[in-house]
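Visitor: Input file: work16.txt. Contents: compact mmCIF, C-alpha atoms and all ligand atoms.
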# COMPACT_ATOMS: atom_id res chain seq x y z
CA MET A 1424 170.80 -56.77 -57.58
CA THR A 1425 171.83 -60.12 -58.91
CA ASP A 1426 175.23 -60.86 -60.29
CA ILE A 1427 173.80 -62.74 -63.22
CA GLY A 1428 175.83 -62.29 -66.35
CA THR A 1429 178.73 -60.50 -64.70
CA SER A 1430 181.08 -63.05 -66.23
CA ILE A 1431 180.00 -62.38 -69.82
CA PRO A 1432 182.85 -63.52 -72.05
CA SER A 1433 184.15 -60.91 -74.48
CA VAL A 1434 183.97 -63.05 -77.59
CA THR A 1435 183.57 -61.08 -80.79
CA VAL A 1436 183.68 -63.83 -83.37
CA ARG A 1437 180.40 -64.49 -85.12
CA GLY A 1438 179.80 -67.17 -87.67
CA PRO A 1439 178.64 -70.66 -88.40
CA GLN A 1440 179.60 -73.55 -86.25
CA ALA A 1441 180.68 -76.99 -87.39
CA PRO A 1442 178.21 -78.54 -89.84
CA GLY A 1443 175.66 -80.76 -88.18
CA ASN A 1444 176.72 -79.65 -84.74
CA THR A 1445 173.50 -78.85 -82.93
CA ALA A 1446 175.14 -77.17 -79.94
CA ALA A 1447 176.43 -73.61 -80.25
CA LEU A 1448 180.12 -73.56 -79.42
CA ASP A 1449 179.89 -70.38 -77.41
CA PRO A 1450 176.42 -70.51 -75.89
CA VAL A 1451 174.74 -67.57 -74.22
CA PHE A 1452 171.82 -69.83 -73.30
CA THR A 1453 171.86 -73.57 -72.81
CA VAL A 1454 168.39 -75.03 -72.57
CA SER A 1455 167.92 -78.56 -71.29
CA ASP A 1456 164.75 -80.54 -70.86
CA LEU A 1457 162.63 -77.37 -70.85
CA SER A 1458 158.90 -77.92 -70.49
CA VAL A 1459 156.49 -75.01 -70.09
CA PHE A 1460 153.07 -75.22 -68.49
CA TYR A 1461 150.08 -72.89 -68.46
CA GLY A 1462 148.27 -74.24 -65.40
CA GLU A 1463 147.96 -77.98 -65.99
CA TYR A 1464 148.50 -77.66 -69.73
CA GLU A 1465 151.96 -78.60 -70.94
CA ALA A 1466 152.38 -76.24 -73.89
CA VAL A 1467 156.00 -77.18 -74.65
CA ARG A 1468 157.74 -80.45 -73.92
CA GLN A 1469 161.37 -81.31 -73.28
CA VAL A 1470 163.24 -78.80 -75.38
CA ASP A 1471 167.04 -78.90 -75.62
CA LEU A 1472 168.90 -76.21 -77.52
CA SER A 1473 171.60 -73.61 -77.19
CA ILE A 1474 171.80 -70.02 -78.37
CA GLY A 1475 175.16 -68.94 -79.72
CA ASN A 1476 176.83 -65.69 -78.76
CA ARG A 1477 176.31 -62.94 -81.37
CA GLU A 1478 174.43 -65.27 -83.59
CA ILE A 1479 170.92 -64.89 -84.90
CA THR A 1480 168.83 -67.91 -83.96
CA ALA A 1481 165.45 -68.31 -85.63
CA MET A 1482 162.55 -70.29 -84.21
CA ILE A 1483 160.07 -71.45 -86.82
CA GLY A 1484 157.11 -73.81 -86.91
CA PRO A 1485 153.33 -73.90 -87.29
CA SER A 1486 151.01 -71.80 -85.18
CA GLY A 1487 150.65 -72.91 -81.58
CA CYS A 1488 153.78 -75.07 -81.42
CA GLY A 1489 155.23 -72.98 -78.59
CA LYS A 1490 157.76 -70.68 -80.26
CA SER A 1491 156.68 -67.57 -78.38
CA THR A 1492 156.36 -69.56 -75.18
CA VAL A 1493 159.98 -70.69 -75.42
CA LEU A 1494 161.12 -67.20 -76.45
CA ARG A 1495 159.49 -65.68 -73.37
CA CYS A 1496 161.39 -68.12 -71.15
CA PHE A 1497 164.67 -66.50 -72.19
CA ASN A 1498 163.88 -63.30 -70.31
CA ARG A 1499 161.39 -64.71 -67.84
CA MET A 1500 158.47 -62.87 -69.41
CA ASN A 1501 156.36 -65.97 -68.73
CA ASP A 1502 156.74 -65.15 -65.02
CA LEU A 1503 154.26 -62.34 -65.69
CA ILE A 1504 151.59 -64.74 -66.99
CA PRO A 1505 149.48 -66.16 -64.15
CA GLY A 1506 149.76 -69.95 -64.02
CA ALA A 1507 152.77 -70.13 -66.35
CA ARG A 1508 155.64 -72.29 -65.12
CA ALA A 1509 158.86 -73.55 -66.63
CA ALA A 1510 160.45 -76.90 -65.72
CA GLY A 1511 163.92 -78.01 -66.77
CA LYS A 1512 166.96 -75.75 -67.01
CA ILE A 1513 167.98 -72.62 -68.81
CA LEU A 1514 171.54 -71.59 -68.21
CA TYR A 1515 172.58 -68.04 -69.07
CA HIS A 1516 176.35 -67.97 -69.35
CA GLY A 1517 176.33 -71.11 -67.28
CA GLU A 1518 174.18 -69.62 -64.51
CA ASP A 1519 170.66 -70.86 -63.75
CA LEU A 1520 168.33 -68.18 -65.18
CA TYR A 1521 165.60 -69.34 -62.81
CA GLY A 1522 167.86 -69.60 -59.76
CA ASP A 1523 166.55 -68.21 -56.46
CA HIS A 1524 169.05 -65.35 -56.37
CA VAL A 1525 168.25 -64.11 -59.89
CA ASP A 1526 166.36 -60.84 -60.23
CA PRO A 1527 163.89 -61.06 -63.15
CA ILE A 1528 164.00 -57.27 -63.63
CA GLU A 1529 167.75 -57.41 -64.17
CA VAL A 1530 167.24 -60.38 -66.48
CA ARG A 1531 164.86 -58.31 -68.61
CA ARG A 1532 167.33 -55.44 -68.76
CA ARG A 1533 170.05 -57.71 -70.09
CA ILE A 1534 167.69 -59.62 -72.32
CA GLY A 1535 165.45 -57.18 -74.15
CA MET A 1536 162.36 -57.91 -76.20
CA VAL A 1537 160.74 -56.54 -79.32
CA PHE A 1538 157.15 -57.52 -80.02
CA GLN A 1539 155.06 -58.29 -83.07
CA LYS A 1540 153.19 -55.01 -83.02
CA PRO A 1541 155.32 -51.91 -82.57
CA ASN A 1542 154.41 -50.54 -79.15
CA PRO A 1543 156.03 -47.13 -78.60
CA PHE A 1544 154.98 -45.22 -75.52
CA PRO A 1545 152.64 -42.29 -76.34
CA LYS A 1546 155.52 -39.91 -75.68
CA SER A 1547 158.09 -38.09 -77.74
CA ILE A 1548 160.65 -40.03 -79.78
CA TYR A 1549 163.33 -38.77 -77.40
CA ASP A 1550 161.46 -39.82 -74.26
CA ASN A 1551 160.79 -43.29 -75.65
CA ILE A 1552 164.53 -43.90 -75.84
CA ALA A 1553 165.47 -42.02 -72.67
CA TYR A 1554 162.86 -43.78 -70.52
CA GLY A 1555 164.78 -47.01 -69.85
CA PRO A 1556 168.16 -45.38 -69.21
CA ARG A 1557 166.49 -42.88 -66.84
CA VAL A 1558 164.78 -45.68 -64.91
CA ASN A 1559 168.11 -47.47 -64.70
CA GLY A 1560 169.79 -44.32 -63.41
CA THR A 1561 172.13 -44.16 -66.38
CA LYS A 1562 174.77 -41.53 -65.84
CA GLY A 1563 176.12 -39.43 -68.66
CA LYS A 1564 174.63 -37.23 -71.30
CA MET A 1565 171.16 -38.43 -72.21
CA ASP A 1566 171.32 -36.73 -75.63
CA GLU A 1567 174.25 -38.96 -76.51
CA VAL A 1568 172.53 -42.08 -75.23
CA VAL A 1569 169.48 -41.27 -77.37
CA GLU A 1570 171.52 -40.51 -80.47
CA GLU A 1571 173.59 -43.67 -80.11
CA ALA A 1572 170.55 -45.93 -79.73
CA LEU A 1573 168.73 -44.33 -82.67
CA THR A 1574 171.87 -44.54 -84.81
CA GLN A 1575 172.35 -48.22 -83.96
CA ALA A 1576 168.72 -48.84 -84.88
CA ALA A 1577 169.25 -47.08 -88.25
CA LEU A 1578 166.64 -44.43 -87.42
CA TRP A 1579 168.68 -41.39 -86.43
CA ASP A 1580 168.79 -39.72 -89.84
CA GLU A 1581 165.03 -40.01 -90.21
CA VAL A 1582 164.13 -38.57 -86.80
CA LYS A 1583 167.01 -36.33 -85.70
CA ASP A 1584 165.06 -33.18 -86.57
CA LYS A 1585 161.86 -34.22 -84.83
CA LEU A 1586 162.90 -35.80 -81.55
CA LYS A 1587 160.16 -33.91 -79.67
CA GLN A 1588 157.46 -35.30 -81.94
CA ASN A 1589 155.15 -38.01 -80.64
CA ALA A 1590 156.49 -41.46 -81.50
CA LEU A 1591 153.04 -42.54 -82.62
CA SER A 1592 153.34 -40.18 -85.59
CA LEU A 1593 156.04 -42.41 -87.10
CA SER A 1594 155.29 -45.07 -89.71
CA GLY A 1595 154.90 -48.69 -88.56
CA GLY A 1596 158.39 -49.61 -89.75
CA GLN A 1597 159.89 -46.55 -88.07
CA GLN A 1598 157.99 -47.36 -84.87
CA GLN A 1599 159.44 -50.87 -84.89
CA ARG A 1600 162.98 -49.50 -85.33
CA LEU A 1601 162.20 -47.09 -82.48
CA CYS A 1602 161.21 -50.07 -80.32
CA ILE A 1603 164.50 -51.73 -81.24
CA ALA A 1604 166.32 -48.49 -80.32
CA ARG A 1605 164.42 -48.43 -77.02
CA ALA A 1606 165.53 -52.01 -76.33
CA ILE A 1607 169.14 -51.18 -77.21
CA ALA A 1608 169.21 -48.00 -75.09
CA VAL A 1609 169.45 -49.98 -71.84
CA LYS A 1610 172.47 -51.84 -73.22
CA PRO A 1611 171.18 -55.38 -73.24
CA GLU A 1612 173.23 -58.36 -74.32
CA VAL A 1613 170.43 -60.27 -76.01
CA ILE A 1614 167.46 -59.06 -78.07
CA LEU A 1615 164.45 -61.35 -78.37
CA MET A 1616 162.16 -60.61 -81.30
CA ASP A 1617 158.68 -62.08 -81.54
CA GLU A 1618 157.60 -61.83 -85.17
CA PRO A 1619 158.99 -58.29 -85.42
CA CYS A 1620 158.04 -57.82 -89.08
CA SER A 1621 154.62 -59.40 -89.24
CA ALA A 1622 152.87 -56.02 -89.09
CA LEU A 1623 155.23 -54.39 -91.61
CA ASP A 1624 155.31 -54.00 -95.38
CA PRO A 1625 158.11 -55.58 -97.46
CA ILE A 1626 160.28 -52.45 -97.53
CA ALA A 1627 160.07 -51.92 -93.79
CA THR A 1628 160.71 -55.65 -93.35
CA THR A 1629 163.90 -55.45 -95.41
CA LYS A 1630 165.09 -52.55 -93.27
CA ILE A 1631 164.53 -54.53 -90.08
CA GLU A 1632 166.29 -57.57 -91.55
CA ASP A 1633 169.29 -55.44 -92.56
CA LEU A 1634 169.27 -53.93 -89.11
CA MET A 1635 169.26 -57.36 -87.47
CA GLN A 1636 172.35 -58.35 -89.42
CA GLN A 1637 174.12 -55.21 -88.23
CA LEU A 1638 172.99 -55.62 -84.64
CA ALA A 1639 174.24 -59.21 -84.53
CA ARG A 1640 177.78 -57.83 -84.54
CA ASP A 1641 177.13 -56.60 -81.01
CA TYR A 1642 174.11 -58.53 -79.77
CA THR A 1643 172.78 -62.04 -79.59
CA ILE A 1644 169.40 -62.20 -81.33
CA VAL A 1645 166.64 -64.78 -81.09
CA ILE A 1646 163.76 -64.30 -83.50
CA VAL A 1647 160.40 -66.04 -83.81
CA THR A 1648 159.14 -65.80 -87.36
CA HIS A 1649 156.43 -67.30 -89.53
CA ASN A 1650 158.36 -66.19 -92.55
CA MET A 1651 160.67 -69.01 -93.56
CA GLN A 1652 162.48 -66.89 -96.12
CA GLN A 1653 163.21 -64.45 -93.35
CA ALA A 1654 164.65 -67.19 -91.14
CA ALA A 1655 166.73 -68.42 -94.08
CA ARG A 1656 167.94 -64.89 -94.91
CA VAL A 1657 168.92 -63.64 -91.50
CA SER A 1658 169.73 -66.46 -89.12
CA ASN A 1659 172.79 -68.55 -88.38
CA ARG A 1660 170.81 -71.32 -86.73
CA THR A 1661 167.22 -72.41 -86.93
CA ALA A 1662 165.06 -74.34 -84.51
CA PHE A 1663 162.03 -76.04 -86.05
CA PHE A 1664 159.15 -76.73 -83.68
CA THR A 1665 155.95 -78.61 -84.22
CA ALA A 1666 153.09 -79.80 -82.01
CA ASP A 1667 152.41 -83.45 -81.21
CA VAL A 1668 148.86 -84.47 -80.41
CA ASP A 1669 148.51 -86.87 -77.46
CA ASP A 1670 145.82 -89.55 -76.76
CA LYS A 1671 143.53 -86.91 -75.25
CA GLY A 1672 143.81 -84.73 -78.31
CA GLU A 1673 145.99 -82.17 -76.51
CA ARG A 1674 148.75 -80.48 -78.49
CA HIS A 1675 152.24 -80.20 -77.04
CA GLY A 1676 154.99 -78.19 -78.69
CA ARG A 1677 158.20 -80.08 -79.45
CA LEU A 1678 161.53 -79.09 -80.90
CA VAL A 1679 161.97 -81.30 -83.95
CA GLU A 1680 165.31 -80.15 -85.28
CA PHE A 1681 167.91 -77.53 -84.47
CA ASP A 1682 170.87 -76.90 -86.69
CA GLU A 1683 172.67 -74.42 -88.86
CA THR A 1684 170.14 -72.55 -90.95
CA SER A 1685 171.78 -73.58 -94.22
CA ARG A 1686 171.43 -77.21 -93.25
CA ILE A 1687 167.84 -76.92 -92.06
CA PHE A 1688 166.85 -75.36 -95.37
CA THR A 1689 168.90 -77.56 -97.69
CA ASN A 1690 169.38 -80.88 -95.98
CA PRO A 1691 167.17 -81.33 -92.92
CA THR A 1692 167.43 -84.56 -90.99
CA ASP A 1693 163.79 -84.94 -90.02
CA GLN A 1694 161.01 -85.54 -92.55
CA ARG A 1695 158.71 -83.18 -90.62
CA THR A 1696 161.19 -80.34 -91.06
CA GLU A 1697 161.44 -81.07 -94.76
CA ASP A 1698 157.65 -81.16 -95.13
CA TYR A 1699 157.34 -77.83 -93.36
CA ILE A 1700 160.02 -75.95 -95.23
CA THR A 1701 158.81 -77.26 -98.56
CA GLY A 1702 155.28 -76.13 -97.72
CA ARG A 1703 153.75 -79.62 -97.49
CA PHE A 1704 152.71 -79.03 -93.89
CA GLY A 1705 151.74 -76.16 -91.62
N1 LIG B 1 148.96 -67.06 -71.73
C1 LIG B 1 148.59 -68.30 -72.09
N2 LIG B 1 147.73 -69.00 -71.35
C2 LIG B 1 147.35 -70.26 -71.71
N3 LIG B 1 147.81 -70.90 -72.81
C3 LIG B 1 148.67 -70.23 -73.58
C4 LIG B 1 149.12 -68.91 -73.28
N4 LIG B 1 149.98 -68.50 -74.24
C5 LIG B 1 150.07 -69.55 -75.11
N5 LIG B 1 149.29 -70.57 -74.72
C6 LIG B 1 149.13 -71.85 -75.41
O1 LIG B 1 150.40 -72.46 -75.54
C7 LIG B 1 150.55 -73.06 -76.80
C8 LIG B 1 151.74 -72.46 -77.51
O2 LIG B 1 151.45 -71.10 -77.80
P1 LIG B 1 152.54 -70.11 -78.40
O3 LIG B 1 151.89 -68.77 -78.54
O4 LIG B 1 153.78 -70.20 -77.64
O5 LIG B 1 152.77 -70.77 -79.84
P2 LIG B 1 153.45 -70.14 -81.14
O6 LIG B 1 154.15 -71.24 -81.82
O7 LIG B 1 154.24 -68.94 -80.78
O8 LIG B 1 152.16 -69.72 -81.95
P3 LIG B 1 151.95 -68.56 -83.06
O9 LIG B 1 152.91 -68.89 -84.16
O10 LIG B 1 150.53 -68.72 -83.47
O11 LIG B 1 152.23 -67.25 -82.40
C9 LIG B 1 149.24 -72.84 -77.54
O12 LIG B 1 148.43 -73.98 -77.38
C10 LIG B 1 148.65 -71.65 -76.82
O13 LIG B 1 147.23 -71.67 -76.88
Kindly transcribe the structure held in the file into structure tokens.

Guide:
Amino acid sequence: MTDIGTSIPSVTVRGPQAPGNTAALDPVFTVSDLSVFYGEYEAVRQVDLSIGNREITAMIGPSGCGKSTVLRCFNRMNDLIPGARAAGKILYHGEDLYGDHVDPIEVRRRIGMVFQKPNPFPKSIYDNIAYGPRVNGTKGKMDEVVEEALTQAALWDEVKDKLKQNALSLSGGQQQRLCIARAIAVKPEVILMDEPCSALDPIATTKIEDLMQQLARDYTIVIVTHNMQQAARVSNRTAFFTADVDDKGERHGRLVEFDETSRIFTNPTDQRTEDYITGRFG
């Protein structure tokens, strides 16, 4: 078992940083010169950014610019893709996330992920939540663990009388909150969300957005979204990516601008950001 993250600082303050300051003051992740390859193909080039503790950081940009690729680097999910390789540095609380002594399984426990399409296990609601804690050998009363996770994910009231029911019988929005509850149940520090609302209707989307705001009191959240209004509504900071085309016609994702969300959406520095958020591009 790795010791990664054992020195997590107990900072509870959440809020905007100094205007125009691109570095989070209390970073959970510090990314420097990150490039990501799939085989020979360099999908993302030279990204520098930091993810603030108990902030919501949004990653936006046109399709194929590498948002999901960068997101997956934060919990080493790219390790599971044959041929994928990250170069550069990602520090997690100052420790090299890709260091030799780091256990990727432990990384993924501390840094959970919620996907675009809700993906509950074909098991009962209860067992979906209890699965991770059981695997981790969580001690204590499982009923309480399940209730706490479902309550935090704002789903308890809707499912408390049908915990034995198959999770696949829930609506799409409920399934996504169940997946968030499942992620929370193993007590992560960070939740990565890859377009968590793209399969949901507007009401379910609002519920997830409200939930994210509540969760950010206790968790650090990084969200990839195609929905710019969503990024503007929920996040503290926004990273705008785009893809440059090289001489050979190959596209490489680049981080164009990273700043407080209010600044990105009202007074961006880069013309490409402005074109994107005003709908002139992408
Ligand atoms: N498993 C993979 N193997 C090979 N290439 C990949 C793989 N996953 C992504 N890519 C490529 O890497 C580039 C970035 O893809 P990625 O999915 O990260 O972009 P994205 O910005 O999240 O896109 P979208 O918004 O459409 O989801 C694309 O050119 C994509 O084709």

Visitor: Between A:Ile1614, A:Ile1646, A:Ile1479, A:Leu1520, which is the closest to ligand LIG 1 (chain B) once you count only C-alpha atoms and all ligand atoms?

Guide: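 Using only C-alpha atoms and all ligand atoms, ligand LIG 1 (chain B) sits closest to A:Ile1646.
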
Visitor: Set the distance at 10 Å and use only C-alpha atoms: which residues neighbour A:Met1635 once local chain neighbours fewer than 3 positions away are removed? I'd like the list as a ChimeraX atom specification.

Guide: /A:1479,1576,1603,1614,1616,1629-1632,1638-1640,1642-1644,1646,1657-1658

Visitor: Could you give me, as an NGL selection string, every polymer residue with an atom at most 6 Å away from an atom of ligand LIG 1 (chain B), counting all atoms listed in the file?

Guide: :A and (1461 or 1466 or 1485-1492 or 1504)

Visitor: Write a file of the just-selected residues containing C-alpha atoms, as an mmCIF file, keeping the file's coordinate frame.

Guide:
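After the write, selection-v4.cif holds the following:
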data_model
loop_
_atom_site.group_PDB
_atom_site.id
_atom_site.type_symbol
_atom_site.label_atom_id
_atom_site.label_comp_id
_atom_site.auth_asym_id
_atom_site.auth_seq_id
_atom_site.Cartn_x
_atom_site.Cartn_y
_atom_site.Cartn_z
ATOM 1 C CA TYR A 1461 150.080 -72.890 -68.460
ATOM 2 C CA ALA A 1466 152.380 -76.240 -73.890
ATOM 3 C CA PRO A 1485 153.330 -73.900 -87.290
ATOM 4 C CA SER A 1486 151.010 -71.800 -85.180
ATOM 5 C CA GLY A 1487 150.650 -72.910 -81.580
ATOM 6 C CA CYS A 1488 153.780 -75.070 -81.420
ATOM 7 C CA GLY A 1489 155.230 -72.980 -78.590
ATOM 8 C CA LYS A 1490 157.760 -70.680 -80.260
ATOM 9 C CA SER A 1491 156.680 -67.570 -78.380
ATOM 10 C CA THR A 1492 156.360 -69.560 -75.180
ATOM 11 C CA ILE A 1504 151.590 -64.740 -66.990
#

Visitor: Would you mind listing what lies within 8 Å of A:Asn1589 as a list in words, with all atoms listed in the file counted and same-chain residues fewer than 2 positions away left out?

Guide: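 These residues fall inside the cut-off: Pro1545, Lys1546, Ser1547, Ile1548, Lys1587, Leu1591, Ser1592 and Leu1593 of chain A.
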
Visitor: So, counting all atoms listed in the file, which residue among A:Ala1627, A:Val1613, A:Ile1700, A:Cys1602 is closest to A:Lys1540?

Guide: A:Cys1602

Visitor: For A:Glu1571, find every residue with an atom within 12 Å (counting only C-alpha atoms), except residues of its own chain fewer than 4 positions away, and show them as a ChimeraX atom specification.

Guide: /A:1549,1552-1553,1564-1567,1575-1580,1583,1604-1605,1607-1610

Visitor: Just how far from atom CA of A:Ala1572 is atom CA of A:Gln1598, in Å to one decimal?

Guide: 13.6 Å

Visitor: Pick the closest to A:Ala1509 from A:Asp1550, A:Glu1465, A:Glu1478, A:Glu1680: which is it, counting all atoms listed in the file?

Guide: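 The answer is A:Glu1465, which sits nearest to A:Ala1509.
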
Visitor: Choose the residue, out of A:Ser1473, A:Gln1636, A:Lys1512, A:Arg1495, that has the smallest atom-to-atom separation from A:Asp1456; count all atoms listed in the file.

Guide: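 Going through A:Ser1473, A:Gln1636, A:Lys1512, A:Arg1495 one by one, the smallest distance to A:Asp1456 is for A:Lys1512.
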
Visitor: Mind giving me the straight-line distance from atom CA of A:Ile1483 to atom CA of A:Ala1654 in Å, one decimal?

Guide: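 So the two atoms, atom CA of A:Ile1483 and atom CA of A:Ala1654, lie 7.6 Å apart.
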
Visitor: Considering all atoms listed in the file, state which residue in the set A:Val1582, A:Ala1666, A:Met1651, A:Cys1496 is at the smallest distance from A:Thr1684.

Guide: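 Among the listed residues, A:Met1651 lies closest to A:Thr1684.
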
Visitor: Using the structure just given, write a file holding N, CA and C atoms for stretch 1501-1512 of chain A, as a CSV table (one decimal), in the first residue's frame.

Guide:
chain,number,residue,atom,x,y,z
A,1501,ASN,N,-5.7,6.2,-17.6
A,1501,ASN,CA,-5.1,6.0,-18.9
A,1501,ASN,C,-4.1,4.8,-18.8
A,1502,ASP,N,-3.7,4.4,-17.6
A,1502,ASP,CA,-2.8,3.2,-17.5
A,1502,ASP,C,-3.5,2.0,-18.0
A,1503,LEU,N,-4.8,2.0,-18.0
A,1503,LEU,CA,-5.6,0.8,-18.4
A,1503,LEU,C,-5.8,0.8,-19.9
A,1504,ILE,N,-5.4,1.8,-20.6
A,1504,ILE,CA,-5.5,1.9,-22.1
A,1504,ILE,C,-4.2,1.4,-22.7
A,1505,PRO,N,-4.2,0.3,-23.5
A,1505,PRO,CA,-2.9,-0.1,-24.0
A,1505,PRO,C,-2.3,1.0,-24.9
A,1506,GLY,N,-1.0,1.2,-24.7
A,1506,GLY,CA,-0.3,2.2,-25.6
A,1506,GLY,C,-0.4,3.6,-25.0
A,1507,ALA,N,-1.2,3.9,-24.0
A,1507,ALA,CA,-1.3,5.2,-23.5
A,1507,ALA,C,-0.2,5.5,-22.5
A,1508,ARG,N,0.4,6.7,-22.6
A,1508,ARG,CA,1.5,7.1,-21.8
A,1508,ARG,C,1.5,8.6,-21.5
A,1509,ALA,N,1.8,8.9,-20.3
A,1509,ALA,CA,1.9,10.3,-19.9
A,1509,ALA,C,3.3,10.7,-19.7
A,1510,ALA,N,3.7,11.9,-20.2
A,1510,ALA,CA,5.0,12.5,-19.9
A,1510,ALA,C,4.8,13.8,-19.2
A,1511,GLY,N,5.8,14.2,-18.5
A,1511,GLY,CA,5.6,15.5,-17.7
A,1511,GLY,C,5.4,15.1,-16.2
A,1512,LYS,N,4.8,16.0,-15.5
A,1512,LYS,CA,4.6,15.7,-14.0
A,1512,LYS,C,3.2,16.0,-13.6
